[in-house]
$ cat target39.txt   # compact mmCIF, C-alpha atoms and all ligand atoms
# COMPACT_ATOMS: atom_id res chain seq x y z
CA MET A 1 -19.76 40.62 78.25
CA ILE A 2 -21.08 41.77 74.88
CA GLU A 3 -19.24 44.99 75.36
CA GLY A 4 -16.09 43.01 75.83
CA LYS A 5 -16.73 40.99 72.69
CA ILE A 6 -17.36 44.15 70.70
CA ARG A 7 -14.18 45.57 72.01
CA SER A 8 -12.38 42.60 70.50
CA LEU A 9 -13.58 43.56 66.99
CA THR A 10 -11.25 45.43 64.70
CA GLU A 11 -11.64 49.18 64.44
CA ILE A 12 -13.26 48.84 61.03
CA GLN A 13 -15.72 46.23 62.27
CA LYS A 14 -16.68 48.46 65.19
CA GLU A 15 -17.17 51.35 62.88
CA ILE A 16 -19.40 49.32 60.62
CA LEU A 17 -21.52 48.10 63.49
CA GLU A 18 -21.84 51.65 64.67
CA LEU A 19 -22.97 52.88 61.26
CA LEU A 20 -25.42 50.04 60.84
CA SER A 21 -26.93 50.73 64.24
CA THR A 22 -27.81 54.22 63.04
CA GLY A 23 -29.66 52.84 59.99
CA LYS A 24 -26.92 53.25 57.37
CA ILE A 25 -27.02 51.08 54.29
CA ILE A 26 -24.41 48.73 52.94
CA SER A 27 -24.40 48.68 49.18
CA ILE A 28 -22.69 46.17 46.96
CA ASN A 29 -21.29 47.44 43.71
CA LYS A 30 -20.84 45.60 40.43
CA TYR A 31 -17.40 44.37 41.54
CA ASN A 32 -19.09 42.73 44.45
CA LEU A 33 -17.55 45.15 46.93
CA GLY A 34 -19.55 46.38 49.87
CA ALA A 35 -19.50 50.00 51.05
CA ILE A 36 -21.20 52.32 53.48
CA GLY A 37 -21.01 55.64 51.77
CA GLU A 38 -17.34 56.21 50.99
CA ARG A 39 -16.18 53.57 53.42
CA SER A 40 -15.58 50.17 51.87
CA VAL A 41 -16.38 47.22 54.07
CA ALA A 42 -15.06 43.68 54.39
CA PRO A 43 -14.88 42.93 50.67
CA ASN A 44 -14.05 39.31 51.08
CA THR A 45 -16.64 38.31 53.57
CA THR A 46 -19.10 35.69 52.49
CA ARG A 47 -21.61 36.02 55.28
CA PHE A 48 -24.54 38.29 55.59
CA LEU A 49 -26.85 38.95 58.40
CA THR A 50 -30.34 39.61 57.16
CA LYS A 51 -33.35 40.08 59.34
CA ASN A 52 -32.25 37.91 62.23
CA LYS A 53 -30.82 35.34 59.92
CA PHE A 54 -27.38 34.57 58.56
CA VAL A 55 -26.98 33.99 54.86
CA THR A 56 -23.86 32.45 53.50
CA ARG A 57 -22.99 33.78 50.13
CA LYS A 58 -21.42 30.88 48.33
CA ASP A 59 -21.66 32.32 44.86
CA LYS A 60 -20.23 35.79 45.00
CA SER A 61 -21.57 36.64 41.52
CA LYS A 62 -25.08 36.59 42.94
CA SER A 63 -26.41 39.41 44.99
CA ILE A 64 -28.62 38.99 48.01
CA THR A 65 -32.26 39.55 47.21
CA THR A 66 -33.61 38.94 50.69
CA LYS A 67 -35.44 41.91 52.07
CA GLY A 68 -34.42 43.43 55.34
CA ASN A 69 -31.16 44.43 56.90
CA GLY A 70 -28.09 42.99 55.38
CA TYR A 71 -24.77 43.19 57.11
CA ILE A 72 -21.52 42.13 55.71
CA ILE A 73 -19.45 40.76 58.49
CA SER A 74 -16.41 38.61 59.10
CA GLU A 75 -16.37 35.25 60.83
CA LYS A 76 -15.33 36.91 64.07
CA GLY A 77 -17.90 39.65 63.84
CA LYS A 78 -20.58 37.09 63.13
CA HIS A 79 -19.74 35.22 66.26
CA ILE A 80 -19.97 38.36 68.35
CA LEU A 81 -23.27 39.39 66.81
CA GLU A 82 -24.71 35.95 67.54
CA LEU A 83 -24.11 36.72 71.20
CA CYS A 84 -25.64 40.18 70.90
CA ASN A 85 -29.36 39.74 70.21
CA SER A 86 -30.22 43.38 70.65
CA ARG A 87 -28.23 44.23 67.52
CA LYS A 88 -30.29 41.81 65.46
CA LYS A 89 -33.45 43.84 65.91
CA ARG A 90 -32.37 47.19 64.64
CA ALA A 91 -33.90 49.43 62.02
CA THR A 92 -33.72 48.10 58.48
CA PRO A 93 -30.80 49.01 56.33
CA ARG A 94 -30.93 47.19 53.04
CA ILE A 95 -28.62 46.03 50.37
CA LEU A 96 -29.00 47.74 47.03
CA ILE A 97 -29.52 44.87 44.73
CA SER A 98 -28.35 44.29 41.18
CA GLU A 99 -31.35 42.16 40.33
CA LYS A 100 -35.03 42.86 40.33
CA LYS A 101 -38.41 41.50 39.45
CA CYS A 102 -40.00 42.13 36.10
CA ARG A 103 -43.36 43.81 36.72
CA ARG A 104 -45.03 41.62 34.17
CA CYS A 105 -43.64 38.09 34.36
CA LYS A 106 -42.43 38.47 37.99
CA ASN A 107 -39.13 36.78 37.14
CA VAL A 108 -36.03 38.08 38.92
CA MET A 109 -33.36 39.19 36.50
CA PRO A 110 -30.19 41.31 36.49
CA ILE A 111 -31.19 44.96 36.22
CA SER A 112 -28.88 45.24 33.23
CA VAL A 113 -31.32 43.38 30.98
CA PHE A 114 -34.29 45.62 31.70
CA VAL A 115 -35.70 47.93 29.03
CA ASP A 116 -37.70 51.14 29.19
CA SER A 117 -41.08 51.74 27.58
CA SER A 118 -39.43 52.49 24.25
CA GLY A 119 -37.49 49.23 24.29
CA TYR A 120 -34.11 50.78 25.04
CA LYS A 121 -31.93 49.06 27.59
CA ASN A 122 -32.38 50.79 30.91
CA PRO A 123 -31.78 49.31 34.41
CA ARG A 124 -34.60 51.49 35.69
CA GLY A 125 -37.05 50.04 33.17
CA ARG A 126 -40.03 48.03 34.36
CA HIS A 127 -39.94 45.08 32.02
CA CYS A 128 -37.69 42.36 30.78
CA PRO A 129 -37.18 42.35 27.01
CA GLN A 130 -39.67 39.55 26.33
CA CYS A 131 -42.37 41.21 28.40
CA HIS A 132 -41.73 44.47 26.57
CA ILE A 133 -42.28 42.74 23.25
CA ASP A 134 -45.39 40.98 24.57
CA GLU A 135 -46.80 44.25 25.83
CA GLU A 136 -46.06 45.99 22.56
CA TYR A 137 -47.86 43.18 20.81
CA GLU A 138 -50.92 43.74 22.98
CA ILE A 139 -50.79 47.45 22.18
CA LEU A 140 -50.54 46.53 18.52
CA GLU A 141 -53.63 44.37 18.66
CA ARG A 142 -55.49 47.10 20.47
CA VAL A 143 -54.40 49.72 17.93
CA MET A 144 -55.22 47.39 15.03
CA GLU A 145 -58.60 46.57 16.58
CA GLY A 146 -57.77 42.94 17.30
CA ARG A 147 -55.87 42.26 14.11
CA ASP A 148 -52.16 41.76 13.81
CA PHE A 149 -52.28 42.33 10.06
CA CYS A 150 -53.15 45.12 7.67
CA LEU A 151 -56.88 45.32 7.00
CA TYR A 152 -56.36 46.26 3.37
CA CYS A 153 -53.63 43.89 2.19
CA GLY A 154 -53.55 41.24 4.92
CA SER A 155 -49.81 41.52 5.50
CA LYS A 156 -48.61 40.93 9.06
CA ILE A 157 -47.38 43.93 10.96
CA ILE A 158 -43.78 42.99 11.74
CA LYS A 159 -42.03 43.61 15.01
CA VAL A 160 -38.43 44.54 14.54
CA SER A 161 -36.17 42.97 17.13
CA ASP A 162 -32.86 44.65 16.86
CA SER A 163 -29.46 45.02 18.45
CA LEU A 164 -29.27 45.92 22.12
CA GLU A 165 -28.47 49.53 21.37
CA ARG A 166 -31.70 50.10 19.50
CA PRO A 167 -35.36 49.74 20.46
CA LEU A 168 -36.64 46.20 20.51
CA THR A 169 -39.74 47.00 18.54
CA SER A 170 -40.83 49.39 15.89
CA TRP A 171 -44.33 50.10 14.67
CA ALA A 172 -43.10 52.61 12.16
CA THR A 173 -44.93 50.65 9.49
CA ILE A 174 -48.37 51.44 10.97
CA HIS A 175 -50.24 54.39 9.52
CA LEU A 176 -53.56 55.91 10.50
CA ASP A 177 -55.93 55.90 7.56
CA HIS A 178 -59.06 58.04 7.18
CA MET A 179 -61.50 55.67 5.47
CA ASP A 180 -63.52 58.52 3.99
CA PRO A 181 -60.76 60.93 2.95
CA ILE A 182 -60.69 64.17 4.90
CA SER A 183 -60.22 66.08 1.66
CA LEU A 184 -63.61 64.82 0.50
CA GLY A 185 -65.36 65.63 3.75
CA GLY A 186 -64.51 62.52 5.82
CA LYS A 187 -64.46 63.04 9.59
CA ASP A 188 -61.26 63.06 11.63
CA ASN A 189 -62.50 60.82 14.42
CA GLU A 190 -62.31 57.21 15.64
CA THR A 191 -65.30 56.19 13.58
CA ASN A 192 -63.58 57.12 10.37
CA THR A 193 -60.04 56.00 11.14
CA VAL A 194 -58.33 52.65 11.01
CA ASN A 195 -54.70 51.64 11.25
CA CYS A 196 -53.19 49.95 8.24
CA CYS A 197 -49.75 49.39 6.79
CA SER A 198 -47.91 52.40 5.44
CA ILE A 199 -47.86 50.99 1.90
CA CYS A 200 -51.65 50.68 1.73
CA ASN A 201 -52.08 54.09 3.28
CA ARG A 202 -49.91 55.61 0.57
CA LYS A 203 -51.69 53.67 -2.19
CA LYS A 204 -55.14 54.66 -0.98
CA GLY A 205 -54.37 58.35 -1.00
CA ASN A 206 -57.53 60.38 -1.44
CA LYS A 207 -59.60 57.63 -3.00
CA LEU A 208 -63.20 57.23 -1.97
CA PHE A 209 -63.64 54.07 0.09
CA VAL A 210 -65.84 52.49 -2.57
CA GLU A 211 -63.12 53.13 -5.17
CA TRP A 212 -60.44 51.80 -2.83
CA LEU A 213 -62.37 48.57 -2.24
CA LYS A 214 -62.06 47.82 -5.95
CA CYS A 215 -58.26 47.79 -5.57
CA LEU A 216 -58.29 45.09 -2.86
CA ASP A 217 -58.31 41.34 -3.25
CA ASN A 218 -61.57 39.54 -2.48
CA GLU A 219 -60.88 38.52 1.10
CA CYS A 220 -59.58 41.90 2.17
CA ARG A 221 -62.37 43.67 0.32
CA THR A 222 -65.04 41.76 2.23
CA LEU A 223 -63.29 42.32 5.55
CA SER A 224 -62.63 45.99 4.85
CA ARG A 225 -66.23 46.59 3.86
CA ASN A 226 -67.45 44.88 7.03
CA VAL A 227 -65.09 46.89 9.22
CA TYR A 228 -66.27 50.07 7.48
CA ILE A 229 -69.93 49.23 8.06
CA GLN A 230 -69.24 48.21 11.65
CA LYS A 231 -67.49 51.51 12.37
CA HIS A 232 -69.68 53.87 10.35
CA GLY A 233 -73.02 52.14 10.74
CA ARG A 234 -73.66 52.49 7.00
CA GLU A 235 -72.47 51.30 3.63
CA PRO A 236 -69.47 53.07 2.07
CA GLU A 237 -71.67 53.94 -0.92
CA GLU A 238 -73.77 56.14 1.33
CA PHE A 239 -70.91 58.54 1.92
CA LYS A 240 -71.60 61.79 0.13
CA PRO A 241 -68.25 63.27 -0.85
CA ARG A 242 -67.96 66.98 -0.55
CA SER A 243 -66.54 68.27 -3.78
CA ASN A 244 -63.47 70.41 -3.43
CA LYS A 245 -64.25 72.12 -6.72
CA LEU A 246 -66.17 75.37 -6.87
CA VAL A 247 -69.15 75.32 -9.16
CA PHE A 248 -70.28 78.54 -10.80
CA THR A 249 -73.74 78.86 -12.28
CA PHE A 250 -74.68 81.48 -14.83
CA SER A 251 -78.10 82.69 -15.67
CA ILE A 252 -78.03 83.61 -19.32
CA ASP A 253 -79.11 87.14 -20.01
CA GLN A 254 -80.09 87.08 -23.66
CA GLN A 255 -80.39 90.82 -23.87
CA LEU A 256 -76.92 91.33 -22.43
CA ILE A 257 -75.48 88.87 -24.94
CA ASN A 258 -77.16 90.70 -27.83
CA GLU A 259 -75.86 94.02 -26.61
CA THR A 260 -72.38 92.58 -26.28
CA ILE A 261 -72.42 91.09 -29.75
CA ASN A 262 -73.71 94.36 -31.21
CA LYS A 263 -70.96 96.23 -29.44
CA LEU A 264 -68.34 93.80 -30.75
CA TYR A 265 -69.85 94.10 -34.20
CA LYS A 266 -69.64 97.90 -34.18
CA GLU A 267 -66.09 97.90 -32.85
CA SER A 268 -64.99 95.34 -35.40
CA ASN A 269 -66.17 97.56 -38.32
CA LEU A 270 -66.24 94.43 -40.50
CA ILE A 271 -69.26 95.67 -42.40
CA ASN A 272 -67.28 98.47 -43.99
CA ASN A 273 -64.87 95.98 -45.54
CA LEU A 274 -67.68 94.85 -47.81
CA ASN A 275 -67.99 96.16 -51.33
CA ILE A 276 -71.71 96.60 -52.05
CA GLN A 277 -73.18 97.16 -55.49
CA PHE A 278 -76.80 97.78 -56.41
CA LEU A 279 -77.98 96.55 -59.81
CA SER A 280 -81.10 98.16 -61.21
CA MET A 281 -82.98 98.80 -64.41
CA GLN A 282 -85.15 101.68 -65.44
CA ASN A 283 -88.90 101.16 -65.11
CA CYS A 284 -88.46 98.18 -62.76
CA PRO A 285 -91.12 98.59 -60.00
CA ASN A 286 -89.04 96.76 -57.37
CA VAL A 287 -85.98 98.97 -57.61
CA LEU A 288 -87.21 101.72 -55.30
CA PRO A 289 -88.54 99.53 -52.49
CA MET A 290 -85.38 97.37 -52.60
CA TRP A 291 -83.16 100.46 -52.62
CA GLU A 292 -84.95 101.89 -49.60
CA SER A 293 -84.71 98.60 -47.77
CA LEU A 294 -80.97 98.47 -48.53
CA GLN A 295 -80.49 102.02 -47.26
CA THR A 296 -82.37 101.20 -44.05
CA ALA A 297 -80.33 98.04 -43.56
CA LEU A 298 -77.00 99.74 -44.18
CA LYS A 299 -77.91 102.56 -41.83
CA GLU A 300 -78.68 100.06 -39.11
CA LEU A 301 -75.38 98.31 -39.75
CA GLN A 302 -73.58 101.64 -39.82
CA TYR A 303 -72.24 101.04 -43.30
CA ASN A 304 -70.68 104.25 -44.47
CA GLN A 305 -69.05 103.36 -47.81
CA PRO A 306 -70.32 104.61 -51.17
CA ILE A 307 -72.50 102.13 -53.07
CA ASP A 308 -71.96 101.48 -56.75
CA GLN A 309 -75.22 101.78 -58.60
CA LEU A 310 -75.00 99.86 -61.82
CA ASP A 311 -77.49 99.92 -64.68
CA LEU A 312 -78.25 96.50 -66.15
CA ASN A 313 -78.64 97.79 -69.69
CA THR A 314 -75.23 99.47 -69.59
CA LEU A 315 -73.71 96.27 -68.20
CA SER A 316 -75.46 94.23 -70.86
CA GLU A 317 -74.04 96.45 -73.59
CA LYS A 318 -70.59 95.85 -72.19
CA GLN A 319 -71.41 92.12 -72.24
CA ASP A 320 -70.93 92.13 -68.44
CA LYS A 321 -72.46 88.94 -67.08
CA ARG A 322 -73.62 90.73 -63.95
CA ALA A 323 -76.49 91.96 -66.11
CA GLY A 324 -77.94 88.43 -65.97
CA PHE A 325 -78.73 88.73 -62.20
CA GLY A 326 -81.79 90.84 -63.03
CA SER A 327 -83.22 93.94 -61.37
CA PRO A 328 -82.98 94.66 -58.49
CA THR A 329 -79.92 92.81 -57.18
CA ILE A 330 -77.52 93.49 -54.35
CA LEU A 331 -73.98 92.26 -54.96
CA VAL A 332 -71.59 91.95 -52.07
CA ASN A 333 -67.97 91.54 -53.04
CA GLY A 334 -69.21 90.59 -56.50
CA GLU A 335 -71.63 87.85 -55.41
CA ASP A 336 -75.38 87.91 -55.06
CA LEU A 337 -76.53 88.60 -51.50
CA PHE A 338 -79.42 86.19 -51.98
CA ASP A 339 -77.33 83.31 -53.19
CA LEU A 340 -78.04 83.32 -56.89
CA THR A 341 -75.15 81.69 -58.74
CA PHE A 342 -73.50 83.64 -61.50
CA PRO A 343 -75.85 83.74 -64.48
CA GLU A 344 -75.10 82.22 -67.89
CA THR A 345 -76.71 85.10 -69.76
CA HIS A 346 -76.24 88.86 -69.63
CA ASN A 347 -79.71 89.71 -70.82
CA PRO A 348 -81.21 92.37 -68.52
CA SER A 349 -84.57 91.54 -66.98
CA CYS A 350 -86.66 92.06 -63.85
CA ARG A 351 -85.69 89.70 -61.08
CA TYR A 352 -88.14 87.38 -59.46
CA TYR A 353 -87.64 86.68 -55.75
CA PRO A 354 -89.44 83.37 -54.93
CA ASN A 355 -89.97 84.39 -51.25
CA GLY A 356 -90.98 87.92 -52.12
CA LEU A 357 -88.84 91.01 -52.35
CA PRO A 358 -86.39 91.02 -49.41
CA ASN A 359 -87.11 93.66 -46.79
CA ALA A 360 -84.57 95.60 -44.71
CA LYS A 361 -84.52 93.05 -41.92
CA GLU A 362 -83.74 90.21 -44.29
CA ILE A 363 -80.95 92.26 -45.85
CA VAL A 364 -79.47 92.95 -42.39
CA THR A 365 -79.57 89.26 -41.50
CA LYS A 366 -77.86 88.27 -44.74
CA LEU A 367 -75.13 90.87 -44.34
CA LYS A 368 -74.49 89.88 -40.73
CA THR A 369 -74.21 86.24 -41.75
CA LEU A 370 -71.68 87.25 -44.38
CA ILE A 371 -69.39 88.91 -41.87
CA GLY A 372 -69.75 86.04 -39.39
CA LEU A 373 -71.87 87.86 -36.83
CA ASP A 374 -74.96 85.75 -36.60
CA LEU A 375 -77.14 87.02 -33.87
CA PRO A 376 -79.17 84.66 -31.71
CA ASN A 377 -82.93 85.06 -32.12
CA GLU A 378 -83.72 88.66 -31.72
ZN ZN A 401 -40.87 39.87 32.16
ZN ZN A 402 -51.53 46.99 3.77

$ encode --input "target39.txt" --output "structure tokens"
Amino acid sequence: MIEGKIRSLTEIQKEILELLSTGKIISINKYNLGAIGERSVAPNTTRFLTKNKFVTRKDKSKSITTKGNGYIISEKGKHILELCNSRKKRATPRILISEKKCRRCKNVMPISVFVDSSGYKNPRGRHCPQCHIDEEYEILERVMEGRDFCLYCGSKIIKVSDSLERPLTSWATIHLDHMDPISLGGKDNETNTVNCCSICNRKKGNKLFVEWLKCLDNECRTLSRNVYIQKHGREPEEFKPRSNKLVFTFSIDQQLINETINKLYKESNLINNLNIQFLSMQNCPNVLPMWESLQTALKELQYNQPIDQLDLNTLSEKQDKRAGFGSPTILVNGEDLFDLTFPETHNPSCRYYPNGLPNAKEIVTKLKTLIGLDLPNE
């Protein structure tokens, strides 16, 4: 009897029943047309057979979400199938649906509204747009350690809801900050990092955390300090910055310095630019010792110019005021080596040195001072 009924179906209906009995699937496209593979099937039918149950599709804009086998069939075909129970218990072809459940809120929505994990529209995405934003927000709070604002300035981290073509959210404004700057020896780990807004991150730069705290307003400063202590287990002041400058230490070698100065002195040959005159007077007992001391000193200083020896009496006769310096006197470039100002008189006499007659060493020291080569204590 059933066979007879089936025989009364159209060729297409028979074909469809045949395909369905082998487990083929009827899919419904966006124009609401059903097809098995290339073969389109009964586009105008409003009745479906799903798992032993008929569903009447009144609103053709809605797809069938019922699980199980779904047949599209005409009024006539339906009647025949009702008489043919065995066909109701076949394997389970299913209708490819155009709606699905959001994994998060469990609401059924057209697949066209779904977004992927980046917030781009994508029918294969897991979440509806709102759930995507909610999930992003949870990620944000996790990343910001429970805050939805910048630790340093208190400004809210803004989600950017945008046109459908672009991601729904953007955390581009979040930057990872190293509380103790890496350049000063701060660690690159979770203990030392915190997310803040990009503006604060830029402002902070390489500042020490204690310096940075001074730039914050009171509320943020207190919070930031607490977060620092909580994460580091110590006060920010206890951080010992590693200097990025190299420090050189010298040990002063006095002997080396003296040798160097002496070498410079000899190379400069300044001593030989001096014009040295020796004033003396016959029968003066200090002339010879002073002359010998001067010779010793000039030898040590490698002075190799001729020395004018001037007689005070001769000078006095010429009314030369140099005669007033007394005997013995060393003139360097016309001035007294031992700082006597130019005398008022030109009467020759023996000279009295209050600190005693200068020896060779004292002469050397005076000459060196004159040419600007003071030696450190020898
Ligand atoms: Zn959802
Ligand atoms: Zn900030």

$ residues_around --input "target39.txt" --residues "region 127-129 of chain A" --least-positions-apart "3" --cutoff "6 Å" --atoms "all atoms listed in the file" --output "list in words"
Cys102, Arg103, Phe114, Val115 and His132 of chain A

$ residues_near_point --input "target39.txt" --point "(-67.5, 95.3, -49.8)" --cutoff "6 Å" --atoms "only C-alpha atoms" --output "list in words"
Asn273, Leu274, Asn275, Ile276, Val332 and Asn333 of chain A

$ atom_distance --input "target39.txt" --atom1 "CA of Val194 (chain A)" --atom2 "CA of Pro241 (chain A)"
18.8 Å

$ residues_around --input "target39.txt" --residues "Glu141 (chain A)" --least-positions-apart "5" --cutoff "12 Å" --atoms "only C-alpha atoms" --output "list in words"
Asp134, Glu135, Glu136, Gly146, Arg147, Asp148, Phe149, Cys150, Lys156, Ile157, Trp171, Ile174, Asn195 and Cys196 of chain A

$ closest_atom_pairs --input "target39.txt" --of "chain A" --to "ligand ZN 402 (chain A)" --cutoff "10 Å" --atoms "all atoms listed in the file" --output "JSON lines"
{"residue": "A:Phe149", "atom": "CA", "partner": "A:ZN402", "partner_atom": "ZN", "distance": 7.9}
{"residue": "A:Cys150", "atom": "CA", "partner": "A:ZN402", "partner_atom": "ZN", "distance": 4.6}
{"residue": "A:Leu151", "atom": "CA", "partner": "A:ZN402", "partner_atom": "ZN", "distance": 6.5}
{"residue": "A:Tyr152", "atom": "CA", "partner": "A:ZN402", "partner_atom": "ZN", "distance": 4.9}
{"residue": "A:Cys153", "atom": "CA", "partner": "A:ZN402", "partner_atom": "ZN", "distance": 4.1}
{"residue": "A:Gly154", "atom": "CA", "partner": "A:ZN402", "partner_atom": "ZN", "distance": 6.2}
{"residue": "A:Ser155", "atom": "CA", "partner": "A:ZN402", "partner_atom": "ZN", "distance": 6.0}
{"residue": "A:Lys156", "atom": "CA", "partner": "A:ZN402", "partner_atom": "ZN", "distance": 8.6}
{"residue": "A:Ile157", "atom": "CA", "partner": "A:ZN402", "partner_atom": "ZN", "distance": 8.8}
{"residue": "A:Thr173", "atom": "CA", "partner": "A:ZN402", "partner_atom": "ZN", "distance": 9.5}
{"residue": "A:Ile174", "atom": "CA", "partner": "A:ZN402", "partner_atom": "ZN", "distance": 9.0}
{"residue": "A:His175", "atom": "CA", "partner": "A:ZN402", "partner_atom": "ZN", "distance": 9.5}
{"residue": "A:Asn195", "atom": "CA", "partner": "A:ZN402", "partner_atom": "ZN", "distance": 9.4}
{"residue": "A:Cys196", "atom": "CA", "partner": "A:ZN402", "partner_atom": "ZN", "distance": 5.6}
{"residue": "A:Cys197", "atom": "CA", "partner": "A:ZN402", "partner_atom": "ZN", "distance": 4.2}
{"residue": "A:Ser198", "atom": "CA", "partner": "A:ZN402", "partner_atom": "ZN", "distance": 6.7}
{"residue": "A:Ile199", "atom": "CA", "partner": "A:ZN402", "partner_atom": "ZN", "distance": 5.7}
{"residue": "A:Cys200", "atom": "CA", "partner": "A:ZN402", "partner_atom": "ZN", "distance": 4.2}
{"residue": "A:Asn201", "atom": "CA", "partner": "A:ZN402", "partner_atom": "ZN", "distance": 7.1}
{"residue": "A:Arg202", "atom": "CA", "partner": "A:ZN402", "partner_atom": "ZN", "distance": 9.3}
{"residue": "A:Lys203", "atom": "CA", "partner": "A:ZN402", "partner_atom": "ZN", "distance": 9.0}
{"residue": "A:Lys204", "atom": "CA", "partner": "A:ZN402", "partner_atom": "ZN", "distance": 9.7}
{"residue": "A:Leu216", "atom": "CA", "partner": "A:ZN402", "partner_atom": "ZN", "distance": 9.7}
{"residue": "A:Cys220", "atom": "CA", "partner": "A:ZN402", "partner_atom": "ZN", "distance": 9.7}

$ residues_around --input "target39.txt" --residues "Ile111 (chain A)" --least-positions-apart "6" --cutoff "10 Å" --atoms "all atoms listed in the file" --output "ChimeraX atom specification"
/A:97-102,121-128

$ atom_distance --input "target39.txt" --atom1 "CA of Leu357 (chain A)" --atom2 "CA of Glu317 (chain A)"
26.5 Å
